[in-house]
Amino acid sequence: MASACKSAFVLGYTGETGKALVQALVKDQHFRKVRLIGRRKVELPVEIDSRFEQVVVDFEKLGEHKDAFTGYDVGFCCMGTTRAKAGPAHFVRVDRDYVVESGQLAKDAGCQHFLIVTATGADKNSMFLYNKTKGEAEEMLKEIKFPTLTILKPGLLLCPRVESRFFEEVAKVMFKPITAAFPTRFSVHVEILARAMVHLAKCPPNESVHNMDATVRNIFVLGYTGETGNTLLPLLAKEQRFQKIRLIGRRMVELPVINEDRFEQVVVDFEKLEEYQDAFTGCDTGICCLGTTRGKVGSANFVRVDRDYVAASGRVSKAAGCQHFIVLSSGGSNKDSSILYTKTKGEMEELLKECDLPRLTILRPGLFTGPREEFRCGERFIKCLCLPCAVTCPASTGTIHINKLARAMFNVAVNPLGHSVVILLNKDIHKIAAWKRNMANAATRNVFVMGFTGKTGKAVVDTLAKDTDFGRIKLLGRRQVETSVKEDSRFDQYIKINLDYVINSAKVAKAAGCRHFLMVSATDSDKKSRLFPTKYSVPAASIALAMINCIKMAEHPSVKILENKDIHTVAKETKEP
């Protein structure tokens, strides 16, 4: 729900985006006062009402105009020029310095929400002046620490321009067939951009910094030259959510199927991995498919690669700021095993857990099926023995096709599961590979919880408190109660709500726009729960985690019923072989 009427100021209101924004604000009565700040007064293309006023400032002496920003809780910034029009130095002055100085004055004057339009590809480390300048402006604005900062990164802006921009016109011509086929992928009309800004100002996101860019995540891949890594790369290439995909290895290799600027190969020395922290810096997700065989390199080097290199990668990525590390292990891995292969994998898992990564997902697949370039005698022999069962029931017999394994790793990278450590066995990997995710659901979700005072409800609240993927969380009840999350600003209690029956609450939720409704029902279990705990009983914490994971999975069909055993599978955080 949007908050009470607000006051706002607009910087850059004479440009095409600014004009569209003024038109959108004229039509919206939510803002009681709008100040248009610029270096001169201009004739506006639309009739403005008494809520609007124009104020002239000297951007070279912006510190003398603090009063222009005082008394406004929302700030819109559409300022910008071109290198051709102003020259490189003045372009940087306008698009970076003026913007940042205005932001600092607005913050000092009490602005609660600052919205800035930059550009797709903005990167402070870019070799291109335009992208570099926009990226530097973003980073400097983040350092100001607004209560809420929204960065909009549009693609090619579609609008009739008064001034001619040669390269923009060329790009429009070149991209016309693509924008016609994919109108929301690479371009946006300024009117749509303006409406988005107004909507975000009225209903701000819950993160303090909200980056409105569909491709804001960076990922690295270790072991990309192997079978699993090679299968994973085309999946990453199709996913526009990842802005940069860094392939880390000990040598450069030919990648005939990948020809994108988003991919880069980085060579490191795994014996001195701590010296290559820069190779991992800037990536929030990492996938590790490192591995070799005892027959290929010998026992000592096998342990070195499959345990030491992987564990070192986890430590370095943690130091570089990685938020989610996904590693390929093996079914049966156990640090106390008498078999070198499973013992090494188990020791590797324990070392990674000690790294205390924000999120660690360990996949324990069974026997790989699918083509291999190298010959593995033992693997071929076991495949022949398991072939009849593997064809009919692959998940339960411990086999998995390499395409499914890669798909499961990709799905977990896009939408992480559970809490800090998740271990997935072979049958879990089969299920995750079959997920049909709604990628739009990867954005921060807002949820409500009814019955939060009961045992299961309390477990749900505790689970939500630990999960940063959720924004606003409304606790609906009949009275105010003490909760364990009173210090978490995401939680709000709504009391005196009289919803007598679940069916009524479902109807109300649907009418209010709820897209996914989960409820706890009951089964016809008997007293066998002590003998068969996963078949007839389930802890409240497991129910809570299962519900949270179901929201993230967004599986089809639209109505899904989980039996007791399904709840255990979905909720499981750690599993032992």
# chains A, B, ... in the order shown; residues from 1 in each chain; ligands from 1
$ select_by_dssp --residues "segment 28-65 of chain A" --states "strand (DSSP E or B)" --output "MDAnalysis selection string"
chainID A and resid 31:38 52:56
$ residues_around --residues "segment 277-283 of chain A" --least-positions-apart "5" --cutoff "6 Å" --atoms "only C-alpha atoms" --output "number ranges by chain"
A: 218-219, 316-317, 320, 322
$ atom_distance --atom1 "atom CA of Ser542 of chain A" --atom2 "atom CA of Gly366 of chain A"
25.2 Å
$ residues_around --residues "Asn403 of chain A" --least-positions-apart "2" --cutoff "9 Å" --atoms "only C-alpha atoms" --output "PyMOL selection string"
chain A and resi 228+231-232+369-370+400-401+405-408+433
$ write_last_selection --atoms "N, CA and C atoms" --output "PDB file, in the first residue's frame"
ATOM      1  N   THR A 228      30.475 -31.377 -16.869  1.00  0.00           N
ATOM      2  CA  THR A 228      29.400 -30.632 -16.207  1.00  0.00           C
ATOM      3  C   THR A 228      29.523 -29.146 -16.493  1.00  0.00           C
ATOM      4  N   THR A 231      28.423 -28.225 -19.978  1.00  0.00           N
ATOM      5  CA  THR A 231      26.968 -28.293 -20.139  1.00  0.00           C
ATOM      6  C   THR A 231      26.292 -27.109 -19.472  1.00  0.00           C
ATOM      7  N   LEU A 232      26.913 -26.582 -18.430  1.00  0.00           N
ATOM      8  CA  LEU A 232      26.341 -25.465 -17.689  1.00  0.00           C
ATOM      9  C   LEU A 232      26.436 -24.142 -18.457  1.00  0.00           C
ATOM     10  N   THR A 369      25.397 -40.108 -16.152  1.00  0.00           N
ATOM     11  CA  THR A 369      25.127 -40.704 -17.465  1.00  0.00           C
ATOM     12  C   THR A 369      25.241 -39.612 -18.510  1.00  0.00           C
ATOM     13  N   GLY A 370      25.548 -39.998 -19.711  1.00  0.00           N
ATOM     14  CA  GLY A 370      25.788 -39.011 -20.758  1.00  0.00           C
ATOM     15  C   GLY A 370      27.166 -39.228 -21.350  1.00  0.00           C
ATOM     16  N   ILE A 400      22.243 -40.019 -12.751  1.00  0.00           N
ATOM     17  CA  ILE A 400      21.705 -38.742 -13.223  1.00  0.00           C
ATOM     18  C   ILE A 400      22.424 -38.343 -14.504  1.00  0.00           C
ATOM     19  N   HIS A 401      21.630 -37.863 -15.471  1.00  0.00           N
ATOM     20  CA  HIS A 401      22.232 -37.385 -16.714  1.00  0.00           C
ATOM     21  C   HIS A 401      22.916 -36.055 -16.453  1.00  0.00           C
ATOM     22  N   LEU A 405      21.973 -32.534 -14.175  1.00  0.00           N
ATOM     23  CA  LEU A 405      22.821 -32.002 -13.114  1.00  0.00           C
ATOM     24  C   LEU A 405      23.139 -30.526 -13.361  1.00  0.00           C
ATOM     25  N   ALA A 406      23.493 -30.199 -14.598  1.00  0.00           N
ATOM     26  CA  ALA A 406      23.793 -28.808 -14.939  1.00  0.00           C
ATOM     27  C   ALA A 406      22.560 -27.927 -14.756  1.00  0.00           C
ATOM     28  N   ARG A 407      21.403 -28.435 -15.144  1.00  0.00           N
ATOM     29  CA  ARG A 407      20.160 -27.677 -14.994  1.00  0.00           C
ATOM     30  C   ARG A 407      19.858 -27.430 -13.515  1.00  0.00           C
ATOM     31  N   ALA A 408      20.082 -28.417 -12.668  1.00  0.00           N
ATOM     32  CA  ALA A 408      19.841 -28.255 -11.237  1.00  0.00           C
ATOM     33  C   ALA A 408      20.769 -27.203 -10.642  1.00  0.00           C
ATOM     34  N   ALA A 433      16.120 -30.177 -11.023  1.00  0.00           N
ATOM     35  CA  ALA A 433      16.338 -30.039 -12.469  1.00  0.00           C
ATOM     36  C   ALA A 433      15.030 -29.896 -13.222  1.00  0.00           C
TER      37      ALA A 433
END
$ residues_around --residues "Glu264 of chain A" --least-positions-apart "5" --cutoff "7 Å" --atoms "only C-alpha atoms" --output "PyMOL selection string"
chain A and resi 245-247
$ write_last_selection --atoms "all heavy atoms" --output "mmCIF file, in the first residue's frame"
data_model
loop_
_atom_site.group_PDB
_atom_site.id
_atom_site.type_symbol
_atom_site.label_atom_id
_atom_site.label_comp_id
_atom_site.auth_asym_id
_atom_site.auth_seq_id
_atom_site.Cartn_x
_atom_site.Cartn_y
_atom_site.Cartn_z
ATOM 1 N N ILE A 245 29.846 -13.237 -16.461
ATOM 2 C CA ILE A 245 30.062 -14.657 -16.206
ATOM 3 C C ILE A 245 31.562 -14.895 -16.356
ATOM 4 O O ILE A 245 32.095 -14.862 -17.465
ATOM 5 C CB ILE A 245 29.249 -15.536 -17.177
ATOM 6 C CG1 ILE A 245 27.761 -15.186 -17.075
ATOM 7 C CG2 ILE A 245 29.472 -17.013 -16.879
ATOM 8 C CD1 ILE A 245 26.911 -15.724 -18.188
ATOM 9 N N ARG A 246 32.221 -15.095 -15.235
ATOM 10 C CA ARG A 246 33.684 -15.210 -15.227
ATOM 11 C C ARG A 246 34.065 -16.678 -15.153
ATOM 12 O O ARG A 246 33.662 -17.401 -14.235
ATOM 13 C CB ARG A 246 34.248 -14.439 -14.040
ATOM 14 C CG ARG A 246 35.759 -14.283 -14.054
ATOM 15 C CD ARG A 246 36.188 -13.323 -12.951
ATOM 16 N NE ARG A 246 35.704 -11.976 -13.224
ATOM 17 C CZ ARG A 246 35.638 -11.028 -12.298
ATOM 18 N NH1 ARG A 246 35.991 -11.290 -11.052
ATOM 19 N NH2 ARG A 246 35.214 -9.820 -12.612
ATOM 20 N N LEU A 247 34.854 -17.117 -16.114
ATOM 21 C CA LEU A 247 35.287 -18.506 -16.196
ATOM 22 C C LEU A 247 36.720 -18.577 -15.694
ATOM 23 O O LEU A 247 37.644 -18.055 -16.325
ATOM 24 C CB LEU A 247 35.180 -19.016 -17.639
ATOM 25 C CG LEU A 247 33.821 -18.764 -18.324
ATOM 26 C CD1 LEU A 247 33.845 -19.286 -19.751
ATOM 27 C CD2 LEU A 247 32.693 -19.410 -17.537
#
$ residues_around --residues "Thr292 of chain A" --least-positions-apart "3" --cutoff "10 Å" --atoms "only C-alpha atoms" --output "ChimeraX atom specification"
/A:223,226,289,295-298,301-306
$ write_last_selection --atoms "N, CA and C atoms" --output "PDB file, in the first residue's frame"
ATOM      1  N   GLY A 223      36.105 -24.990 -13.057  1.00  0.00           N
ATOM      2  CA  GLY A 223      35.954 -26.310 -13.659  1.00  0.00           C
ATOM      3  C   GLY A 223      35.049 -26.306 -14.868  1.00  0.00           C
ATOM      4  N   GLY A 226      35.315 -29.149 -17.861  1.00  0.00           N
ATOM      5  CA  GLY A 226      34.831 -30.514 -17.714  1.00  0.00           C
ATOM      6  C   GLY A 226      33.454 -30.706 -18.314  1.00  0.00           C
ATOM      7  N   CYS A 289      32.822 -26.774 -10.270  1.00  0.00           N
ATOM      8  CA  CYS A 289      32.737 -28.125 -10.840  1.00  0.00           C
ATOM      9  C   CYS A 289      34.122 -28.765 -10.922  1.00  0.00           C
ATOM     10  N   GLY A 295      42.879 -42.187 -11.402  1.00  0.00           N
ATOM     11  CA  GLY A 295      43.571 -42.866 -12.490  1.00  0.00           C
ATOM     12  C   GLY A 295      44.300 -41.908 -13.425  1.00  0.00           C
ATOM     13  N   LYS A 296      43.830 -40.688 -13.510  1.00  0.00           N
ATOM     14  CA  LYS A 296      44.406 -39.709 -14.440  1.00  0.00           C
ATOM     15  C   LYS A 296      45.622 -38.988 -13.859  1.00  0.00           C
ATOM     16  N   VAL A 297      45.561 -38.639 -12.562  1.00  0.00           N
ATOM     17  CA  VAL A 297      46.620 -37.800 -11.990  1.00  0.00           C
ATOM     18  C   VAL A 297      47.318 -38.438 -10.786  1.00  0.00           C
ATOM     19  N   GLY A 298      46.848 -39.585 -10.321  1.00  0.00           N
ATOM     20  CA  GLY A 298      47.442 -40.189  -9.142  1.00  0.00           C
ATOM     21  C   GLY A 298      46.734 -39.764  -7.871  1.00  0.00           C
ATOM     22  N   ASN A 301      47.653 -36.013  -6.276  1.00  0.00           N
ATOM     23  CA  ASN A 301      47.117 -34.891  -7.052  1.00  0.00           C
ATOM     24  C   ASN A 301      45.592 -34.901  -7.082  1.00  0.00           C
ATOM     25  N   PHE A 302      44.989 -36.087  -7.017  1.00  0.00           N
ATOM     26  CA  PHE A 302      43.526 -36.152  -6.943  1.00  0.00           C
ATOM     27  C   PHE A 302      43.029 -35.439  -5.681  1.00  0.00           C
ATOM     28  N   VAL A 303      43.670 -35.724  -4.535  1.00  0.00           N
ATOM     29  CA  VAL A 303      43.292 -35.060  -3.281  1.00  0.00           C
ATOM     30  C   VAL A 303      43.568 -33.570  -3.380  1.00  0.00           C
ATOM     31  N   ARG A 304      44.680 -33.222  -4.015  1.00  0.00           N
ATOM     32  CA  ARG A 304      45.038 -31.801  -4.153  1.00  0.00           C
ATOM     33  C   ARG A 304      43.965 -31.032  -4.920  1.00  0.00           C
ATOM     34  N   VAL A 305      43.474 -31.609  -6.016  1.00  0.00           N
ATOM     35  CA  VAL A 305      42.492 -30.919  -6.851  1.00  0.00           C
ATOM     36  C   VAL A 305      41.099 -30.955  -6.208  1.00  0.00           C
ATOM     37  N   ASP A 306      40.638 -32.152  -5.870  1.00  0.00           N
ATOM     38  CA  ASP A 306      39.243 -32.319  -5.440  1.00  0.00           C
ATOM     39  C   ASP A 306      38.978 -31.842  -4.014  1.00  0.00           C
TER      40      ASP A 306
END
$ closest_atom_pairs --of "segment 18-114 of chain A" --to "segment 120-132 of chain A" --cutoff "10 Å" --atoms "only C-alpha atoms" --output "Markdown table"
| residue | atom | partner | partner_atom | distance |
| --- | --- | --- | --- | --- |
| A:Thr82 | CA | A:Tyr130 | CA | 8.6 |
| A:Arg83 | CA | A:Tyr130 | CA | 8.1 |
| A:Pro88 | CA | A:Leu129 | CA | 8.0 |
| A:Phe91 | CA | A:Tyr130 | CA | 8.6 |
| A:Val92 | CA | A:Leu129 | CA | 8.4 |
| A:Asp95 | CA | A:Tyr130 | CA | 9.0 |
| A:Arg96 | CA | A:Lys132 | CA | 9.8 |
$ closest_residue --among "A:Glu60, A:Asp488, A:Glu143, A:Asp67" --to "Phe9 of chain A" --atoms "only C-alpha atoms"
A:Asp67
$ atom_distance --atom1 "atom CA of Thr70 of chain A" --atom2 "atom CA of Arg472 of chain A"
28.8 Å
